[in-house]
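Text of data-v8.pdb (PDB, C-alpha atoms) as supplied:
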MODEL        1
ATOM      1  CA  MET F 216     -17.182   6.806 -51.040
ATOM      2  CA  ALA F 217     -14.149   5.875 -53.128
ATOM      3  CA  LEU F 218     -14.947   3.973 -56.290
ATOM      4  CA  ALA F 219     -12.674   1.146 -57.475
ATOM      5  CA  ARG F 220     -10.837   2.113 -60.658
ATOM      6  CA  PHE F 221      -9.327  -0.277 -63.146
ATOM      7  CA  CYS F 222      -7.769   0.196 -66.563
ATOM      8  CA  SER F 223     -10.210  -0.511 -69.385
ATOM      9  CA  GLU F 224      -7.306  -1.762 -71.545
ATOM     10  CA  CYS F 225      -5.458  -4.213 -69.281
ATOM     11  CA  GLY F 226      -7.535  -4.409 -66.080
ATOM     12  CA  ALA F 227      -4.739  -3.197 -63.776
ATOM     13  CA  PRO F 228      -5.703  -1.015 -60.802
ATOM     14  CA  LEU F 229      -5.379   2.699 -61.525
ATOM     15  CA  PRO F 230      -3.322   4.785 -59.072
ATOM     16  CA  ALA F 231      -5.845   7.658 -59.002
ATOM     17  CA  PRO F 232      -9.171   8.755 -60.464
ATOM     18  CA  PRO F 233      -9.113  10.098 -64.039
ATOM     19  CA  PRO F 234      -7.422  11.884 -65.608
ATOM     20  CA  VAL F 235      -4.726   9.255 -65.096
ATOM     21  CA  THR F 236      -2.359   7.043 -67.062
ATOM     22  CA  CYS F 237      -2.236   3.315 -66.323
ATOM     23  CA  GLN F 238       1.184   2.403 -64.905
ATOM     24  CA  ALA F 239       0.941  -1.129 -66.356
ATOM     25  CA  CYS F 240       0.110  -0.401 -70.026
ATOM     26  CA  ASP F 241       0.393   3.402 -70.386
ATOM     27  CA  ALA F 242      -3.284   3.811 -71.463
ATOM     28  CA  SER F 243      -4.766   7.251 -70.780
ATOM     29  CA  HIS F 244      -8.061   7.531 -68.913
ATOM     30  CA  TRP F 245     -10.204  10.684 -68.893
ATOM     31  CA  LEU F 246     -13.331  11.840 -67.146
ATOM     32  CA  ASP F 247     -15.051  13.312 -70.200
ATOM     33  CA  ALA F 248     -18.619  14.563 -70.075
ATOM     34  CA  LYS F 249     -21.179  12.069 -71.391
ATOM     35  CA  PRO F 250     -23.553  13.619 -73.952
ATOM     36  CA  CYS F 251     -27.230  13.552 -73.018
ATOM     37  CA  ALA F 252     -30.325  14.970 -74.669
ATOM     38  CA  GLY F 253     -33.795  15.833 -73.439
ATOM     39  CA  ALA F 254     -36.938  17.492 -74.735
ATOM     40  CA  LEU F 255     -39.206  20.027 -73.069
ATOM     41  CA  VAL F 256     -42.432  18.754 -74.604
ATOM     42  CA  THR F 257     -45.436  21.059 -74.538
ATOM     43  CA  ARG F 258     -49.090  20.627 -75.419
ATOM     44  CA  ALA F 259     -51.718  23.303 -74.902
ATOM     45  CA  GLY F 260     -49.242  25.378 -72.864
ATOM     46  CA  LYS F 261     -48.379  22.572 -70.426
ATOM     47  CA  LEU F 262     -45.046  20.828 -69.957
ATOM     48  CA  LEU F 263     -44.640  17.046 -69.977
ATOM     49  CA  LEU F 264     -42.597  15.658 -67.074
ATOM     50  CA  VAL F 265     -41.904  12.073 -66.024
ATOM     51  CA  ARG F 266     -41.375  10.671 -62.535
ATOM     52  CA  ARG F 267     -38.266   8.471 -62.521
ATOM     53  CA  ALA F 268     -38.754   4.796 -61.660
ATOM     54  CA  HIS F 269     -35.037   4.061 -61.096
ATOM     55  CA  GLU F 270     -31.908   5.509 -59.567
ATOM     56  CA  PRO F 271     -30.452   8.010 -59.601
ATOM     57  CA  TRP F 272     -33.180  10.346 -58.394
ATOM     58  CA  ARG F 273     -35.840   7.641 -58.175
ATOM     59  CA  GLY F 274     -39.261   9.173 -57.529
ATOM     60  CA  ALA F 275     -38.218  12.665 -58.655
ATOM     61  CA  TRP F 276     -39.685  14.497 -61.653
ATOM     62  CA  ASP F 277     -37.575  14.891 -64.781
ATOM     63  CA  VAL F 278     -37.664  16.052 -68.381
ATOM     64  CA  PRO F 279     -37.808  13.059 -70.764
ATOM     65  CA  GLY F 280     -34.240  12.414 -71.877
ATOM     66  CA  GLY F 281     -31.153  10.294 -71.531
ATOM     67  CA  PHE F 282     -27.718   9.426 -72.851
ATOM     68  CA  CYS F 283     -26.918   9.749 -76.537
ATOM     69  CA  GLY F 284     -25.964   6.520 -78.277
ATOM     70  CA  PRO F 285     -22.654   6.168 -80.120
ATOM     71  CA  ARG F 286     -22.699   8.579 -83.067
ATOM     72  CA  GLU F 287     -26.328   9.491 -82.300
ATOM     73  CA  HIS F 288     -27.065  13.170 -82.832
ATOM     74  CA  PRO F 289     -28.512  14.775 -79.667
ATOM     75  CA  ARG F 290     -31.619  15.822 -81.640
ATOM     76  CA  GLU F 291     -32.270  12.175 -82.560
ATOM     77  CA  ALA F 292     -31.528  11.067 -78.996
ATOM     78  CA  ALA F 293     -34.021  13.574 -77.542
ATOM     79  CA  ALA F 294     -36.830  12.377 -79.840
ATOM     80  CA  ARG F 295     -35.951   8.713 -79.159
ATOM     81  CA  GLU F 296     -35.915   9.214 -75.391
ATOM     82  CA  VAL F 297     -39.328  10.924 -75.463
ATOM     83  CA  ARG F 298     -40.699   8.037 -77.545
ATOM     84  CA  GLU F 299     -39.184   5.413 -75.208
ATOM     85  CA  GLU F 300     -40.331   7.134 -72.015
ATOM     86  CA  THR F 301     -43.791   8.367 -73.085
ATOM     87  CA  ALA F 302     -44.728   6.649 -76.398
ATOM     88  CA  LEU F 303     -45.193  10.110 -77.967
ATOM     89  CA  GLU F 304     -43.771  11.112 -81.343
ATOM     90  CA  VAL F 305     -42.741  14.742 -80.951
ATOM     91  CA  GLU F 306     -41.610  17.515 -83.236
ATOM     92  CA  LEU F 307     -38.448  19.251 -82.044
ATOM     93  CA  ASP F 308     -38.370  23.028 -82.527
ATOM     94  CA  GLY F 309     -34.885  24.159 -81.507
ATOM     95  CA  ILE F 310     -32.301  24.086 -78.746
ATOM     96  CA  LEU F 311     -33.212  25.542 -75.360
ATOM     97  CA  GLY F 312     -29.644  25.264 -74.053
ATOM     98  CA  MET F 313     -26.866  23.076 -72.623
ATOM     99  CA  TRP F 314     -25.964  22.322 -69.008
ATOM    100  CA  ILE F 315     -23.186  20.367 -67.271
ATOM    101  CA  ASP F 316     -23.901  18.299 -64.158
ATOM    102  CA  SER F 317     -23.043  15.089 -62.308
ATOM    103  CA  TYR F 318     -25.167  12.047 -63.084
ATOM    104  CA  ALA F 319     -25.631  10.867 -59.501
ATOM    105  CA  PRO F 320     -25.223  12.413 -56.052
ATOM    106  CA  LEU F 321     -23.406   9.394 -54.538
ATOM    107  CA  GLY F 322     -22.276   5.891 -55.406
ATOM    108  CA  PRO F 323     -22.076   4.478 -58.943
ATOM    109  CA  GLY F 324     -22.315   7.269 -61.462
ATOM    110  CA  ALA F 325     -21.301  10.014 -59.000
ATOM    111  CA  ASP F 326     -18.131  10.605 -60.997
ATOM    112  CA  LYS F 327     -19.998  10.616 -64.335
ATOM    113  CA  VAL F 328     -20.157  14.144 -65.741
ATOM    114  CA  THR F 329     -22.981  14.872 -68.185
ATOM    115  CA  LEU F 330     -23.371  17.483 -70.901
ATOM    116  CA  SER F 331     -27.145  17.736 -71.304
ATOM    117  CA  ILE F 332     -28.584  19.374 -74.421
ATOM    118  CA  TYR F 333     -32.253  20.322 -74.189
ATOM    119  CA  PHE F 334     -34.635  20.922 -77.073
ATOM    120  CA  HIS F 335     -38.055  22.553 -77.316
ATOM    121  CA  ALA F 336     -40.633  20.029 -78.566
ATOM    122  CA  ARG F 337     -44.330  19.882 -79.378
ATOM    123  CA  ALA F 338     -46.517  16.878 -78.670
ATOM    124  CA  PRO F 339     -49.243  15.913 -81.117
ATOM    125  CA  ALA F 340     -52.661  17.349 -80.273
ATOM    126  CA  THR F 341     -53.984  13.849 -79.684
ATOM    127  CA  GLY F 342     -52.478  10.714 -78.253
ATOM    128  CA  GLU F 343     -52.016   9.589 -74.703
ATOM    129  CA  ALA F 344     -48.599   9.495 -73.094
ATOM    130  CA  HIS F 345     -47.717   6.222 -71.392
ATOM    131  CA  GLY F 346     -44.345   4.869 -70.422
ATOM    132  CA  ASP F 347     -42.369   1.772 -69.643
ATOM    133  CA  PRO F 348     -42.825   1.153 -65.883
ATOM    134  CA  ASN F 349     -39.132   0.196 -65.652
ATOM    135  CA  ASP F 350     -38.202   3.769 -66.644
ATOM    136  CA  VAL F 351     -41.203   5.924 -65.740
ATOM    137  CA  ALA F 352     -43.357   5.704 -62.607
ATOM    138  CA  GLU F 353     -45.734   8.499 -63.648
ATOM    139  CA  ILE F 354     -46.300  11.005 -66.442
ATOM    140  CA  GLY F 355     -47.863  14.436 -65.979
ATOM    141  CA  TRP F 356     -48.616  17.677 -67.806
ATOM    142  CA  PHE F 357     -47.921  20.836 -65.784
ATOM    143  CA  ALA F 358     -48.483  24.557 -66.199
ATOM    144  CA  ALA F 359     -45.336  26.702 -65.961
ATOM    145  CA  ASP F 360     -46.330  27.975 -62.514
ATOM    146  CA  GLU F 361     -47.335  24.531 -61.174
ATOM    147  CA  LEU F 362     -44.221  22.397 -61.755
ATOM    148  CA  PRO F 363     -43.921  19.500 -59.279
ATOM    149  CA  GLU F 364     -41.200  18.642 -56.787
ATOM    150  CA  PRO F 365     -38.854  17.019 -56.058
ATOM    151  CA  LEU F 366     -36.872  17.451 -59.259
ATOM    152  CA  ALA F 367     -34.265  15.008 -60.527
ATOM    153  CA  PHE F 368     -30.797  16.337 -61.221
ATOM    154  CA  PRO F 369     -31.093  19.407 -58.957
ATOM    155  CA  GLY F 370     -27.652  20.580 -60.084
ATOM    156  CA  HIS F 371     -29.077  21.742 -63.412
ATOM    157  CA  LEU F 372     -32.786  20.905 -63.946
ATOM    158  CA  PRO F 373     -34.117  23.954 -62.024
ATOM    159  CA  ALA F 374     -32.066  26.192 -64.382
ATOM    160  CA  VAL F 375     -33.413  24.278 -67.401
ATOM    161  CA  LEU F 376     -36.985  24.803 -66.221
ATOM    162  CA  ASP F 377     -36.318  28.501 -65.526
ATOM    163  CA  ALA F 378     -34.982  28.876 -69.079
ATOM    164  CA  TRP F 379     -38.053  27.054 -70.428
ATOM    165  CA  ARG F 380     -40.402  29.332 -68.445
ATOM    166  CA  ALA F 381     -38.579  32.410 -69.735
ATOM    167  CA  SER F 382     -38.921  31.140 -73.313
ATOM    168  CA  GLN F 383     -42.701  30.798 -73.124
ATOM    169  CA  PRO F 384     -44.806  33.495 -74.752
ATOM    170  CA  GLU F 385     -46.416  35.843 -72.265
ATOM    171  CA  ALA F 386     -50.158  36.336 -72.185
ATOM    172  CA  PRO F 387     -51.169  39.236 -74.423
ATOM    173  CA  ARG F 388     -51.418  42.417 -72.373
ATOM    174  CA  ALA F 389     -54.688  43.320 -74.061
ATOM    175  CA  ALA F 390     -56.276  40.278 -72.481
ATOM    176  CA  LEU F 391     -55.080  41.333 -69.032
ATOM    177  CA  VAL F 392     -55.867  45.068 -69.094
ATOM    178  CA  ARG F 393     -59.197  46.501 -70.190
ATOM    179  CA  PRO F 394     -58.802  49.514 -72.442
ATOM    180  CA  ARG F 395     -60.280  52.695 -70.988
ATOM    181  CA  SER F 396     -62.412  54.981 -73.062
ATOM    182  CA  ALA F 397     -60.723  58.077 -74.458
ATOM    183  CA  ALA F 398     -62.795  60.297 -72.130
ATOM    184  CA  ALA F 399     -61.592  58.389 -69.043
ATOM    185  CA  ARG F 400     -57.895  58.600 -69.986
ATOM    186  CA  LYS F 401     -55.745  61.208 -68.300
ATOM    187  CA  PRO F 402     -52.943  62.821 -70.221
ATOM    188  CA  GLU F 403     -49.510  61.325 -69.510
ATOM    189  CA  PRO F 404     -47.127  63.709 -67.710
ATOM    190  CA  ILE F 405     -44.192  64.976 -69.747
ATOM    191  CA  VAL F 406     -40.957  64.688 -67.875
TER     192      VAL F 406
ENDMDL
END

Just give me the structure of the file as structure tokens.
Amino acid sequence: MALARFCSECGAPLPAPPPVTCQACDASHWLDAKPCAGALVTRAGKLLLVRRAHEPWRGAWDVPGGFCGPREHPREAAAREVREETALEVELDGILGMWIDSYAPLGPGADKVTLSIYFHARAPATGEAHGDPNDVAEIGWFAADELPEPLAFPGHLPAVLDAWRASQPEAPRAALVRPRSAAARKPEPIV
């Protein structure tokens, strides 16, 4: 589907999608990535996800996040988006990583490229998450091995969640393996 393109300076039709220069006023138009920020919020070892209530990816599960405002630091944007989508005040711990993707699969926004910066975050031990029904259809807490589907933004969110899983501390081995008594141990072979 071809999207109509007009110059943001003079309103003249553009001859091609960005990057392009308007033939009427010589204004340059670019298809720069839009900065976005999100937070992988955990509580008691579970991850907070939200089910989107609007397009794109309506009905799919997502990490709380969104577009950065003008001159808004991504860290501030991530905390604001969590607050707006879940009513939780979170503490951000550090950057998980950055991913590039398209905002929408088709239609309006399909040509919008995003640069999404994700942060680790901790939710307070108490307090219920609840969201604006215009943004969030459902909120859930999920164990790393029980993440729901479908996922929003499949071009990058699965990689984000894989990176989050890999960043989680593993269960202590001592809790998984019972130590044997010294008499029951066999000597290790020397190779």

For this session: For Gly284 in chain F, work out the shell of residues within 10 Å, counting all atoms listed in the file and skipping chain neighbours fewer than 6 positions away, then give it as a PyMOL selection string.
Result: chain F and resi 250-251+291-292

Keeping only C-alpha atoms, write the selected residues to a file as a compact mmCIF listing (two decimals), in the coordinates of the input.
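Done, and the output landed in part13.txt:
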# COMPACT_ATOMS: atom_id res chain seq x y z
CA PRO F 250 -23.55 13.62 -73.95
CA CYS F 251 -27.23 13.55 -73.02
CA GLU F 291 -32.27 12.18 -82.56
CA ALA F 292 -31.53 11.07 -79.00

Problem set entry | Residues near Pro373 in chain F, cut-off 12 Å, all atoms listed in the file, skip fewer than 6 positions along chain, as an MDAnalysis selection string | chainID F and resid 276:278 314 316 362:367 379:380

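One finds CA of Leu330 in chain F at 5.9 Å from CA of Lys249 in chain F.
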
Exercise. Quick one: which residues end up in the PyMOL selection byres ((chain F and resi 334) around 6) for this structure, as a list in words?
Worked result: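 Selected by the PyMOL selection byres ((chain F and resi 334) around 6) here: Ala254, Gly309, Ile310, Leu311, Tyr333 and His335 of chain F.
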
Exercise. Rounded to one decimal in Å, what is the spacing between CA of Phe368 in chain F and CA of Asp308 in chain F?
Worked result: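 Computing the Euclidean distance for CA of Phe368 in chain F and CA of Asp308 in chain F yields 23.6 Å.
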
For this session: With a distance cut-off of 8 Å and only C-alpha atoms, select the neighbouring residues of Ala294 in chain F, excluding the residue or stretch itself and same-chain residues fewer than 5 positions from it, and output the selection as a list in words.
Result: Gly253, Ala254, Glu304, Val305, Glu306 and Leu307 of chain F

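Applied to the file shown here, the PyMOL selection byres ((chain F and resi 222-235) around 12) selects Ala217, Leu218, Ala219, Arg220, Phe221, Thr236, Cys237, Gln238, Ala239, Cys240, Asp241, Ala242, Ser243, His244, Trp245, Leu246, Asp247, Asp326, Lys327 and Val328 of chain F.
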
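One finds CA of Val265 in chain F at 10.1 Å from CA of Ala344 in chain F.
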
For this session: Might you spell out which residues the PyMOL selection byres ((chain F and resi 341) around 12) would select in the displayed file, as a list in words?
Result: Arg258, Ala259, Leu303, Glu304, Val305, Arg337, Ala338, Pro339, Ala340, Gly342, Glu343 and Ala344 of chain F

Exercise. F:Gly324, F:Lys261, F:Pro289, F:Val256: which is nearest Trp356 in chain F, counting all atoms listed in the file?
Worked result: F:Lys261
